[in-house]
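A.B. asks: One structure is given below, represented as structure tokens, and several questions about it will come after.
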Amino acid sequence: MSRYADLDDGEVLWRRVHEDHYEDGRVTSAAFKGFDMSVDRAKLQEDRAATLKHGVGVAQFTAAEARRHDQQPVAAPNPGEPAHALVRGHKSKGISRAFARLARFIPRDEFVP
């Protein structure tokens with residue numbers, strides 16, 4: 001049996017966004033790289049501060065939005081990280097730019113009081 005399980009279309013995903021990938025009030029395409037792009041499943045991420053440990057916010061999008069760009073969002077829990085997931089697939093410049101346009105940026109201060 002595969003370690004990965006497909007996610008429902010409506011599932012909300014969070015991609016950590018480092019300050020280097022946030023310019024002029026928007027997330028840059030540089031935040032969306034890698035064949036196996038690491039994300040958190042919002043509904044399972046109980047410690048939201050942990051999601052932002054190394055960044056200034058998250059880019060939020062749904063599994064359906066990822067699929068529209070030929071990506072496969074899958075659950076990929078790790079020990080101690082049940083919310084971990086991957087967005088699998090080749091991310092051309094065009095796909096990275098599409099993610100940057102569609103993702104909603106949520107700053108750290110909306111998560112951490």
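Ligands are numbered from 1 in the order shown, residues from 1 within each chain, and chains are lettered A, B, ... in the order they appear in the structure tokens.
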Show which residues sit within 9 Å of stretch 27-35 of chain A, as number ranges by chain. Count only C-alpha atoms, and ignore same-chain residues fewer than 2 positions away.

C.D. replies: A: 15-18, 20-25, 37-38, 59, 86-101, 103-105

A.B. asks: Hey, can you spit out that residue selection with N, CA and C atoms as an mmCIF file, in the first residue's frame?

C.D. replies:
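Below is the file selection_30.cif, written as the result:
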```
data_model
loop_
_atom_site.group_PDB
_atom_site.id
_atom_site.type_symbol
_atom_site.label_atom_id
_atom_site.label_comp_id
_atom_site.auth_asym_id
_atom_site.auth_seq_id
_atom_site.Cartn_x
_atom_site.Cartn_y
_atom_site.Cartn_z
ATOM 1 N N ARG A 15 1.063 26.527 2.395
ATOM 2 C CA ARG A 15 2.483 26.473 2.037
ATOM 3 C C ARG A 15 3.173 27.572 2.826
ATOM 4 N N ARG A 16 4.198 27.210 3.604
ATOM 5 C CA ARG A 16 4.954 28.222 4.347
ATOM 6 C C ARG A 16 5.601 29.185 3.363
ATOM 7 N N VAL A 17 5.530 30.475 3.690
ATOM 8 C CA VAL A 17 6.123 31.495 2.829
ATOM 9 C C VAL A 17 7.161 32.261 3.637
ATOM 10 N N HIS A 18 8.407 32.127 3.237
ATOM 11 C CA HIS A 18 9.513 32.846 3.862
ATOM 12 C C HIS A 18 9.491 34.295 3.384
ATOM 13 N N ASP A 20 11.641 36.062 2.098
ATOM 14 C CA ASP A 20 12.306 36.257 0.803
ATOM 15 C C ASP A 20 11.363 36.002 -0.372
ATOM 16 N N HIS A 21 10.244 35.327 -0.102
ATOM 17 C CA HIS A 21 9.290 34.993 -1.167
ATOM 18 C C HIS A 21 7.995 35.791 -1.054
ATOM 19 N N TYR A 22 8.085 36.924 -0.375
ATOM 20 C CA TYR A 22 6.941 37.809 -0.214
ATOM 21 C C TYR A 22 7.406 39.222 -0.521
ATOM 22 N N GLU A 23 6.933 39.766 -1.657
ATOM 23 C CA GLU A 23 7.382 41.085 -2.095
ATOM 24 C C GLU A 23 6.201 41.926 -2.551
ATOM 25 N N ASP A 24 6.226 43.194 -2.209
ATOM 26 C CA ASP A 24 5.211 44.144 -2.677
ATOM 27 C C ASP A 24 3.785 43.657 -2.423
ATOM 28 N N GLY A 25 3.570 43.034 -1.261
ATOM 29 C CA GLY A 25 2.237 42.613 -0.886
ATOM 30 C C GLY A 25 1.741 41.340 -1.546
ATOM 31 N N MET A 37 6.390 19.354 -3.315
ATOM 32 C CA MET A 37 6.295 20.600 -2.557
ATOM 33 C C MET A 37 5.573 20.326 -1.235
ATOM 34 N N SER A 38 6.232 20.633 -0.140
ATOM 35 C CA SER A 38 5.712 20.379 1.193
ATOM 36 C C SER A 38 4.654 21.416 1.573
ATOM 37 N N ALA A 59 0.785 30.625 2.255
ATOM 38 C CA ALA A 59 -0.004 30.776 1.041
ATOM 39 C C ALA A 59 -1.067 29.688 1.106
ATOM 40 N N LEU A 86 1.976 16.680 0.533
ATOM 41 C CA LEU A 86 2.809 17.072 -0.604
ATOM 42 C C LEU A 86 1.925 17.476 -1.765
ATOM 43 N N VAL A 87 2.420 18.403 -2.542
ATOM 44 C CA VAL A 87 1.817 18.711 -3.834
ATOM 45 C C VAL A 87 2.836 18.220 -4.852
ATOM 46 N N ARG A 88 2.517 17.075 -5.454
ATOM 47 C CA ARG A 88 3.463 16.365 -6.321
ATOM 48 C C ARG A 88 3.231 16.736 -7.786
ATOM 49 N N GLY A 89 4.335 16.925 -8.483
ATOM 50 C CA GLY A 89 4.264 17.214 -9.909
ATOM 51 C C GLY A 89 5.315 18.226 -10.314
ATOM 52 N N HIS A 90 5.662 18.211 -11.596
ATOM 53 C CA HIS A 90 6.633 19.175 -12.131
ATOM 54 C C HIS A 90 6.044 20.574 -12.057
ATOM 55 N N LYS A 91 6.827 21.509 -11.542
ATOM 56 C CA LYS A 91 6.372 22.887 -11.422
ATOM 57 C C LYS A 91 7.196 23.761 -12.352
ATOM 58 N N SER A 92 6.678 23.924 -13.551
ATOM 59 C CA SER A 92 7.312 24.826 -14.518
ATOM 60 C C SER A 92 7.181 26.257 -14.007
ATOM 61 N N LYS A 93 7.835 27.193 -14.682
ATOM 62 C CA LYS A 93 7.682 28.596 -14.299
ATOM 63 C C LYS A 93 6.221 29.018 -14.354
ATOM 64 N N GLY A 94 5.519 28.551 -15.382
ATOM 65 C CA GLY A 94 4.110 28.901 -15.529
ATOM 66 C C GLY A 94 3.254 28.379 -14.386
ATOM 67 N N ILE A 95 3.519 27.159 -13.952
ATOM 68 C CA ILE A 95 2.753 26.593 -12.832
ATOM 69 C C ILE A 95 3.098 27.311 -11.538
ATOM 70 N N SER A 96 4.371 27.596 -11.311
ATOM 71 C CA SER A 96 4.765 28.343 -10.110
ATOM 72 C C SER A 96 4.107 29.717 -10.087
ATOM 73 N N ARG A 97 4.040 30.358 -11.237
ATOM 74 C CA ARG A 97 3.382 31.673 -11.322
ATOM 75 C C ARG A 97 1.880 31.549 -11.081
ATOM 76 N N ALA A 98 1.282 30.483 -11.587
ATOM 77 C CA ALA A 98 -0.156 30.274 -11.369
ATOM 78 C C ALA A 98 -0.450 30.118 -9.872
ATOM 79 N N PHE A 99 0.387 29.350 -9.168
ATOM 80 C CA PHE A 99 0.212 29.207 -7.720
ATOM 81 C C PHE A 99 0.340 30.561 -7.029
ATOM 82 N N ALA A 100 1.308 31.369 -7.450
ATOM 83 C CA ALA A 100 1.503 32.684 -6.837
ATOM 84 C C ALA A 100 0.271 33.564 -7.040
ATOM 85 N N ARG A 101 -0.382 33.446 -8.190
ATOM 86 C CA ARG A 101 -1.577 34.247 -8.461
ATOM 87 C C ARG A 101 -2.793 33.746 -7.683
ATOM 88 N N ALA A 103 -2.935 31.720 -4.871
ATOM 89 C CA ALA A 103 -2.815 31.546 -3.420
ATOM 90 C C ALA A 103 -3.184 32.829 -2.671
ATOM 91 N N ARG A 104 -3.864 32.642 -1.567
ATOM 92 C CA ARG A 104 -4.190 33.754 -0.662
ATOM 93 C C ARG A 104 -3.123 33.786 0.423
ATOM 94 N N PHE A 105 -2.463 34.917 0.598
ATOM 95 C CA PHE A 105 -1.430 35.042 1.622
ATOM 96 C C PHE A 105 -2.071 35.357 2.962
#
```

A.B. asks: As number ranges by chain, please: all residues of stretch 4-89 of chain A that backbone DSSP puts in strand (DSSP E).

C.D. replies: A: 5-6, 12-17, 22-23, 26-27, 36-41, 57-62, 72-75, 84-88

A.B. asks: Would you pick out the contacts of A:Val39 at 10 Å or less, using only C-alpha atoms, so that residues sharing its chain but fewer than 2 positions from it are not included, and give the list as a list in words?

C.D. replies: Val12, Leu13, Trp14, Arg15, Arg16, Asp36, Met37, Arg41, Ala42, Thr51, Val58, Ala59, Gln60, Pro73, Val74, Ala75, Ala76, Ala83, His84, Ala85, Leu86 and Val87 of chain A
